[in-house]
Amino acid sequence: MSQSKQEVLLGNEAIARGIVESGCHVVTSYPGTPSSEILPAVVRFKKELGLDTHVEWSINEKVAYEVALAASYTGKRAAVIMKQVGLNVAADPLMSSAYTGVRGGFVVISCDDPGPHSSQTEQDTRFYALFAKVPALDPSTPREAKEMVKAAFELSERHYLPVILRPAIRVSHARQNIEFIPVVKLQRPADFQKDPGRWAATPRFRLQLHKELNEKLHDIQEEFETSELNTSVPGDDRRLGFIAGGTSYAVLRDTLQELELEGRFPILKIGTSHPIPQRLVKEFVAACDQVLVLEEPDAVIELQILDKSKLLGRLNGVVPSAGELSPEVIRQLLVQQANELGMETPTEIDTGELSQLVGDLGLPVRRPRLCPGCPHRAAFFGMKRALGSKAIYPGDIGCYTLGLNLNAVDTCLDMGGAVTIASGLYQAYRQDNRDVPIAATIGDSTFLHSGVPALANAVYNGARFVLVILDNSTTAMTGMQPTADSGMLADGGQGQRVAIGDLVQACGVKFIEEMDPYRVQEFEALIKRASQHTREPDGGVAVVIAKRPCVLYDPSPLEENPVPVTISEDCDGCRYCLIAFECPALVLDEDLGRVVVDRRICVNCGVCVEACPKGAIVEAEE
């Protein structure tokens, strides 16, 4: 008998395999860490298996949600993928689709970022499940995440509801051996059945749909009472029990083993984090003297437990109220509880020798910085030289948020927030008859995501500021996904290009100019002209498109026209270039007392020639 194929996969790749094996017809996404690897993996399996799955990078999460939802309306299986803050953007259709329901299985995959490691918030997607009254599944390993994808599709089709799958970052970015099984070939011709009372329900009918939703949720809770997604681990010492979900369950099991407590205490693993199986939980809590609830990043399971008298968790401060429940945190919690029960545990692992070895390496501590040759650095540098430190610089979400280091980002709220914050700042200062220069920055993908309506609003309401669209031809921070401006599709095919400049013009902007920010002096002059336009009687918002590809995405322009530089002896070590320009390839040599070029990482962009006021950075001779 031939063995089934197995492969060590990233958690996100395992989820993608689960999507494909479940016969999903339509998959949509907007990239965002920690979810970005799922869609490319779906593309990989689609091509390997010769499937006709529709896969797309959508403009934003709301659009992605609604495209996939529409496919579900026709009876096809569909999935939408995003990170936890992306679900904020898709919250409107989530709430309504819980009422209208679905036909084909519809799975919402929202990857959480406890920590947070690369997000504006540490929010918990499972709260959206409570809010929208839809079920949520919470995997603890990559293998379980793959299995839960199949369970989510089946659950969705049994109850005609969207189902949320919530992998956290340590599931998304863990690796595990995954078994491949044959793909379910679902022959489902699209068949949208008109039913205005459901798909286009008015408020009167929505009331009835809400009642139906409550009944569905009650039925799902009953089903979860005996679901295999919730499991228990026996233990004889009932003085302490554990209820855990997601990654916290996996960490708990490992830590109990390290502390030589494995099998000592009972554990209830909750894979169905909403709605929780109330009878199962009630019986477990009743059988224990105390119960420690471990989940992240918030107290979603704990809040749903009706009798909290025995609980130890986030709500009473036993478990930290913010941050990851890392192995170190859970170990400390378990040692504390064991000590209170009069139990001895192994001493802390001595890492002194390892710490000493690492310390002896003398590794410098560096904050995150823009890459050598990043065109955003040149744009920020030229913008700051043009407008100075008294201007206000609203920023946005992307790798260019690191303009913070160059004092060129003063606010960072959410996707598209640079444009709306700039508009609000202008209106606030206008009321006081004060002319304060405002220059907002936003990336190309972010502008397409949510900057367009913000710009249209600013123009409509007469705002005046400079908007610099940092167009590096890709979605760099999340893995080089294509943008609509590139015209490239998720599977590598060619779509119809949506030009950023055309969108800006359609918003009513009169001042639109594009320039390579490497031309620092000309770019600086352009920013000054744009700022002047905002103050003219017939002026308004001025848009500058800083156009140059990301050096990691497309290094060919630099390879074709390298500009190597050297530091002359005129350098007196003033550090201006290190602070105002902050290229990692420029470093201070303490022995020489001046700046030198780190040839290992320099990409020969030559932009730093503009960064020395004393002219000590010069083009190298051939």
# chains A, B, ... in the order shown; residues from 1 in each chain; ligands from 1
call {"tool": "residues_around", "arguments": {"residues": "segment 166-176 of chain A", "least_positions_apart": "2", "cutoff": "9 Å", "atoms": "only C-alpha atoms", "output": "PyMOL selection string"}}
result
chain A and resi 7-15+33-35+37-38+84+108-114+117+124-126+136-143+145+164+178+246-247+296-297
call {"tool": "write_last_selection", "arguments": {"atoms": "C-alpha atoms", "output": "mmCIF file, in the first residue's frame"}}
result
data_model
loop_
_atom_site.group_PDB
_atom_site.id
_atom_site.type_symbol
_atom_site.label_atom_id
_atom_site.label_comp_id
_atom_site.auth_asym_id
_atom_site.auth_seq_id
_atom_site.Cartn_x
_atom_site.Cartn_y
_atom_site.Cartn_z
ATOM 1 C CA GLU A 7 5.392 17.603 3.923
ATOM 2 C CA VAL A 8 6.616 19.917 6.657
ATOM 3 C CA LEU A 9 4.530 23.046 6.184
ATOM 4 C CA LEU A 10 4.226 26.457 7.731
ATOM 5 C CA GLY A 11 0.974 26.772 9.655
ATOM 6 C CA ASN A 12 -0.363 29.162 7.027
ATOM 7 C CA GLU A 13 0.561 26.680 4.304
ATOM 8 C CA ALA A 14 -1.258 23.943 6.222
ATOM 9 C CA ILE A 15 -4.347 26.173 6.312
ATOM 10 C CA THR A 33 1.220 39.618 8.776
ATOM 11 C CA PRO A 34 0.665 36.985 10.141
ATOM 12 C CA SER A 35 -1.763 35.854 7.393
ATOM 13 C CA GLU A 37 1.496 33.258 3.352
ATOM 14 C CA ILE A 38 -1.913 31.573 3.061
ATOM 15 C CA GLN A 84 -7.009 40.641 12.868
ATOM 16 C CA VAL A 108 -13.415 33.690 7.469
ATOM 17 C CA ILE A 109 -9.745 33.176 8.333
ATOM 18 C CA SER A 110 -8.481 35.953 10.592
ATOM 19 C CA CYS A 111 -4.946 35.563 11.952
ATOM 20 C CA ASP A 112 -4.308 37.190 15.328
ATOM 21 C CA ASP A 113 -1.057 38.813 16.444
ATOM 22 C CA PRO A 114 -0.684 38.520 20.242
ATOM 23 C CA HIS A 117 4.657 41.803 16.686
ATOM 24 C CA ASP A 124 -8.819 39.330 19.651
ATOM 25 C CA THR A 125 -10.771 38.175 16.589
ATOM 26 C CA ARG A 126 -12.896 35.929 18.796
ATOM 27 C CA ALA A 136 -15.241 30.595 15.931
ATOM 28 C CA LEU A 137 -12.693 27.776 15.892
ATOM 29 C CA ASP A 138 -9.328 28.148 17.616
ATOM 30 C CA PRO A 139 -6.495 25.838 16.452
ATOM 31 C CA SER A 140 -3.494 25.084 18.638
ATOM 32 C CA THR A 141 -1.159 23.589 15.991
ATOM 33 C CA PRO A 142 -0.703 23.787 12.204
ATOM 34 C CA ARG A 143 -2.059 20.259 11.806
ATOM 35 C CA ALA A 145 -5.586 24.330 11.819
ATOM 36 C CA ILE A 164 -14.402 32.186 11.741
ATOM 37 C CA ILE A 178 1.272 17.664 7.380
ATOM 38 C CA GLY A 246 -5.311 27.972 20.833
ATOM 39 C CA THR A 247 -1.546 28.205 21.156
ATOM 40 C CA GLU A 296 -4.640 34.842 24.253
ATOM 41 C CA PRO A 297 -4.752 37.664 23.635
#
call {"tool": "select_by_dssp", "arguments": {"residues": "segment 41-204 of chain A", "states": "alpha helix (DSSP H)", "output": "count of residues only"}}
result
72
call {"tool": "residues_around", "arguments": {"residues": "Glu258 of chain A", "least_positions_apart": "3", "cutoff": "10 Å", "atoms": "only C-alpha atoms", "output": "list in words"}}
result
Leu252, Arg253, Asp254, Thr255, Leu261, Glu262, Arg331, Thr345 and Pro346 of chain A
call {"tool": "write_last_selection", "arguments": {"atoms": "N, CA and C atoms", "output": "PDB file, in the first residue's frame"}}
result
ATOM      1  N   LEU A 252       0.940  25.076  27.246  1.00  0.00           N
ATOM      2  CA  LEU A 252       0.622  24.488  28.545  1.00  0.00           C
ATOM      3  C   LEU A 252       1.075  23.038  28.625  1.00  0.00           C
ATOM      4  N   ARG A 253       0.772  22.236  27.614  1.00  0.00           N
ATOM      5  CA  ARG A 253       1.157  20.816  27.640  1.00  0.00           C
ATOM      6  C   ARG A 253       2.677  20.663  27.707  1.00  0.00           C
ATOM      7  N   ASP A 254       3.391  21.460  26.902  1.00  0.00           N
ATOM      8  CA  ASP A 254       4.858  21.374  26.920  1.00  0.00           C
ATOM      9  C   ASP A 254       5.427  21.790  28.274  1.00  0.00           C
ATOM     10  N   THR A 255       4.860  22.829  28.849  1.00  0.00           N
ATOM     11  CA  THR A 255       5.391  23.352  30.114  1.00  0.00           C
ATOM     12  C   THR A 255       5.110  22.392  31.262  1.00  0.00           C
ATOM     13  N   LEU A 261       4.970  17.692  35.638  1.00  0.00           N
ATOM     14  CA  LEU A 261       3.590  17.690  36.135  1.00  0.00           C
ATOM     15  C   LEU A 261       2.625  17.120  35.107  1.00  0.00           C
ATOM     16  N   GLU A 262       3.145  16.543  34.053  1.00  0.00           N
ATOM     17  CA  GLU A 262       2.281  16.025  32.995  1.00  0.00           C
ATOM     18  C   GLU A 262       1.393  14.910  33.549  1.00  0.00           C
ATOM     19  N   ARG A 331       5.124  29.247  32.213  1.00  0.00           N
ATOM     20  CA  ARG A 331       5.933  28.543  33.208  1.00  0.00           C
ATOM     21  C   ARG A 331       5.852  29.248  34.563  1.00  0.00           C
ATOM     22  N   THR A 345       8.682  22.134  42.183  1.00  0.00           N
ATOM     23  CA  THR A 345       8.879  22.060  40.737  1.00  0.00           C
ATOM     24  C   THR A 345      10.357  22.206  40.438  1.00  0.00           C
ATOM     25  N   PRO A 346      10.807  21.699  39.282  1.00  0.00           N
ATOM     26  CA  PRO A 346      12.222  21.857  38.926  1.00  0.00           C
ATOM     27  C   PRO A 346      12.614  23.322  38.920  1.00  0.00           C
TER      28      PRO A 346
END
call {"tool": "residues_around", "arguments": {"residues": "Asp195 of chain A", "least_positions_apart": "3", "cutoff": "12 Å", "atoms": "only C-alpha atoms", "output": "short mmCIF file (atom, residue, chain, number, x, y, z; two decimals) with C-alpha atoms, in the first residue's frame"}}
result
data_model
loop_
_atom_site.label_atom_id
_atom_site.label_comp_id
_atom_site.auth_asym_id
_atom_site.auth_seq_id
_atom_site.Cartn_x
_atom_site.Cartn_y
_atom_site.Cartn_z
CA TYR A 73 -24.50 32.96 -2.18
CA THR A 74 -24.33 30.88 -5.37
CA THR A 100 -28.47 36.86 5.87
CA GLY A 101 -26.54 33.63 6.26
CA PHE A 192 -27.93 32.23 -7.18
CA ARG A 198 -32.95 37.27 2.90
CA TRP A 199 -30.30 38.69 0.55
CA ALA A 200 -31.85 42.19 0.42
CA ALA A 201 -33.74 42.17 3.70
CA PHE A 205 -37.13 41.25 7.88
#
call {"tool": "residues_around", "arguments": {"residues": "segment 417-431 of chain A", "least_positions_apart": "4", "cutoff": "12 Å", "atoms": "only C-alpha atoms", "output": "number ranges by chain"}}
result
A: 391-398, 400-401, 409-413, 435-443, 446-447, 449-469, 534-535, 540-543
call {"tool": "select_by_dssp", "arguments": {"residues": "segment 252-416 of chain A", "states": "strand (DSSP E or B)", "output": "JSON, numbers by chain"}}
result
{"A": [267, 268, 269, 274, 290, 291, 292, 293, 294, 311, 312, 392, 394, 411]}
call {"tool": "write_last_selection", "arguments": {"atoms": "N, CA and C atoms", "output": "PDB file, in the first residue's frame"}}
result
ATOM      1  N   ILE A 267      -7.174  18.809  32.203  1.00  0.00           N
ATOM      2  CA  ILE A 267      -7.159  19.911  31.238  1.00  0.00           C
ATOM      3  C   ILE A 267      -8.367  19.782  30.320  1.00  0.00           C
ATOM      4  N   LEU A 268      -9.035  20.880  30.090  1.00  0.00           N
ATOM      5  CA  LEU A 268     -10.102  20.932  29.088  1.00  0.00           C
ATOM      6  C   LEU A 268      -9.642  21.862  27.973  1.00  0.00           C
ATOM      7  N   LYS A 269      -9.469  21.288  26.802  1.00  0.00           N
ATOM      8  CA  LYS A 269      -9.053  22.079  25.637  1.00  0.00           C
ATOM      9  C   LYS A 269     -10.304  22.531  24.884  1.00  0.00           C
ATOM     10  N   HIS A 274     -16.157  30.035  20.389  1.00  0.00           N
ATOM     11  CA  HIS A 274     -17.484  30.653  20.447  1.00  0.00           C
ATOM     12  C   HIS A 274     -18.438  29.903  19.530  1.00  0.00           C
ATOM     13  N   GLN A 290     -10.084  24.837  41.761  1.00  0.00           N
ATOM     14  CA  GLN A 290      -9.796  26.073  41.037  1.00  0.00           C
ATOM     15  C   GLN A 290      -9.468  25.738  39.592  1.00  0.00           C
ATOM     16  N   VAL A 291      -9.707  26.698  38.697  1.00  0.00           N
ATOM     17  CA  VAL A 291      -9.443  26.479  37.268  1.00  0.00           C
ATOM     18  C   VAL A 291      -8.687  27.680  36.717  1.00  0.00           C
ATOM     19  N   LEU A 292      -7.508  27.397  36.162  1.00  0.00           N
ATOM     20  CA  LEU A 292      -6.705  28.442  35.523  1.00  0.00           C
ATOM     21  C   LEU A 292      -7.049  28.472  34.038  1.00  0.00           C
ATOM     22  N   VAL A 293      -7.516  29.617  33.552  1.00  0.00           N
ATOM     23  CA  VAL A 293      -7.918  29.761  32.150  1.00  0.00           C
ATOM     24  C   VAL A 293      -6.776  30.415  31.374  1.00  0.00           C
ATOM     25  N   LEU A 294      -6.294  29.712  30.352  1.00  0.00           N
ATOM     26  CA  LEU A 294      -5.169  30.193  29.557  1.00  0.00           C
ATOM     27  C   LEU A 294      -5.613  30.368  28.111  1.00  0.00           C
ATOM     28  N   LEU A 311     -12.562  30.582  38.969  1.00  0.00           N
ATOM     29  CA  LEU A 311     -11.650  30.856  37.861  1.00  0.00           C
ATOM     30  C   LEU A 311     -10.463  31.714  38.274  1.00  0.00           C
ATOM     31  N   LEU A 312      -9.328  31.384  37.715  1.00  0.00           N
ATOM     32  CA  LEU A 312      -8.120  32.201  37.783  1.00  0.00           C
ATOM     33  C   LEU A 312      -7.778  32.565  36.352  1.00  0.00           C
ATOM     34  N   ILE A 392       3.771  69.277   9.834  1.00  0.00           N
ATOM     35  CA  ILE A 392       3.202  68.091  10.468  1.00  0.00           C
ATOM     36  C   ILE A 392       3.152  66.990   9.419  1.00  0.00           C
ATOM     37  N   PRO A 394       1.593  63.431   8.869  1.00  0.00           N
ATOM     38  CA  PRO A 394       0.795  62.222   9.121  1.00  0.00           C
ATOM     39  C   PRO A 394       1.325  61.051   8.292  1.00  0.00           C
ATOM     40  N   THR A 411       2.083  60.816  12.926  1.00  0.00           N
ATOM     41  CA  THR A 411       0.911  60.039  13.336  1.00  0.00           C
ATOM     42  C   THR A 411       0.870  58.757  12.532  1.00  0.00           C
TER      43      THR A 411
END
call {"tool": "residues_around", "arguments": {"residues": "Ile545 of chain A", "least_positions_apart": "6", "cutoff": "9 Å", "atoms": "only C-alpha atoms", "output": "ChimeraX atom specification"}}
result
/A:444,467-471,500-501,512-516
call {"tool": "write_last_selection", "arguments": {"atoms": "N, CA and C atoms", "output": "PDB file, in the first residue's frame"}}
result
ATOM      1  N   ASP A 444       1.621  52.810  -1.937  1.00  0.00           N
ATOM      2  CA  ASP A 444       0.780  52.569  -3.106  1.00  0.00           C
ATOM      3  C   ASP A 444      -0.334  51.572  -2.801  1.00  0.00           C
ATOM      4  N   LEU A 467       0.088  65.421  -0.266  1.00  0.00           N
ATOM      5  CA  LEU A 467       0.028  63.971  -0.089  1.00  0.00           C
ATOM      6  C   LEU A 467       1.104  63.340  -0.960  1.00  0.00           C
ATOM      7  N   VAL A 468       2.042  62.656  -0.309  1.00  0.00           N
ATOM      8  CA  VAL A 468       3.099  61.948  -1.037  1.00  0.00           C
ATOM      9  C   VAL A 468       2.741  60.467  -1.062  1.00  0.00           C
ATOM     10  N   ILE A 469       2.454  59.953  -2.247  1.00  0.00           N
ATOM     11  CA  ILE A 469       2.166  58.523  -2.412  1.00  0.00           C
ATOM     12  C   ILE A 469       3.483  57.826  -2.704  1.00  0.00           C
ATOM     13  N   LEU A 470       3.926  57.015  -1.771  1.00  0.00           N
ATOM     14  CA  LEU A 470       5.211  56.323  -1.875  1.00  0.00           C
ATOM     15  C   LEU A 470       4.998  55.040  -2.681  1.00  0.00           C
ATOM     16  N   ASP A 471       5.213  55.123  -3.960  1.00  0.00           N
ATOM     17  CA  ASP A 471       4.895  54.031  -4.875  1.00  0.00           C
ATOM     18  C   ASP A 471       6.160  53.234  -5.192  1.00  0.00           C
ATOM     19  N   ILE A 500      -2.646  54.482 -10.373  1.00  0.00           N
ATOM     20  CA  ILE A 500      -2.826  55.359  -9.211  1.00  0.00           C
ATOM     21  C   ILE A 500      -3.043  56.806  -9.647  1.00  0.00           C
ATOM     22  N   GLY A 501      -2.276  57.258 -10.633  1.00  0.00           N
ATOM     23  CA  GLY A 501      -2.418  58.632 -11.095  1.00  0.00           C
ATOM     24  C   GLY A 501      -3.817  58.934 -11.614  1.00  0.00           C
ATOM     25  N   ILE A 512      -0.906  67.109  -9.676  1.00  0.00           N
ATOM     26  CA  ILE A 512      -0.440  65.715  -9.637  1.00  0.00           C
ATOM     27  C   ILE A 512       0.871  65.647 -10.402  1.00  0.00           C
ATOM     28  N   GLU A 513       1.938  65.271  -9.716  1.00  0.00           N
ATOM     29  CA  GLU A 513       3.224  65.086 -10.395  1.00  0.00           C
ATOM     30  C   GLU A 513       3.910  63.841  -9.863  1.00  0.00           C
ATOM     31  N   GLU A 514       4.603  63.159 -10.753  1.00  0.00           N
ATOM     32  CA  GLU A 514       5.325  61.935 -10.404  1.00  0.00           C
ATOM     33  C   GLU A 514       6.819  62.161 -10.584  1.00  0.00           C
ATOM     34  N   MET A 515       7.620  61.640  -9.644  1.00  0.00           N
ATOM     35  CA  MET A 515       9.066  61.799  -9.754  1.00  0.00           C
ATOM     36  C   MET A 515       9.780  60.687  -8.996  1.00  0.00           C
ATOM     37  N   ASP A 516      10.940  60.330  -9.495  1.00  0.00           N
ATOM     38  CA  ASP A 516      11.827  59.397  -8.812  1.00  0.00           C
ATOM     39  C   ASP A 516      12.451  60.117  -7.613  1.00  0.00           C
TER      40      ASP A 516
END
call {"tool": "closest_residue", "arguments": {"among": "A:Ala78, A:Ala250, A:Ala476, A:Val365", "to": "Ser326 of chain A", "atoms": "only C-alpha atoms"}}
result
A:Ala250
call {"tool": "residues_around", "arguments": {"residues": "Val63 of chain A", "least_positions_apart": "4", "cutoff": "12 Å", "atoms": "only C-alpha atoms", "output": "list in words"}}
result
Thr28, Ser29, Tyr30, Glu56, Trp57, Ser58, Ile59, Val67, Ala68, Leu69, Ala70, Val80, Ile81, Met82, Gly86, Leu87, Val89, Ala90, Ala91, Asp92, Pro93, Leu94, Leu448, His449 and Ser450 of chain A
call {"tool": "closest_residue", "arguments": {"among": "A:Gln505, A:Asn316, A:Gln337, A:Gln481", "to": "Phe242 of chain A", "atoms": "only C-alpha atoms"}}
result
A:Gln337
call {"tool": "atom_distance", "arguments": {"atom1": "atom CA of Leu558 of chain A", "atom2": "atom CA of Leu586 of chain A"}}
result
17.8 Å
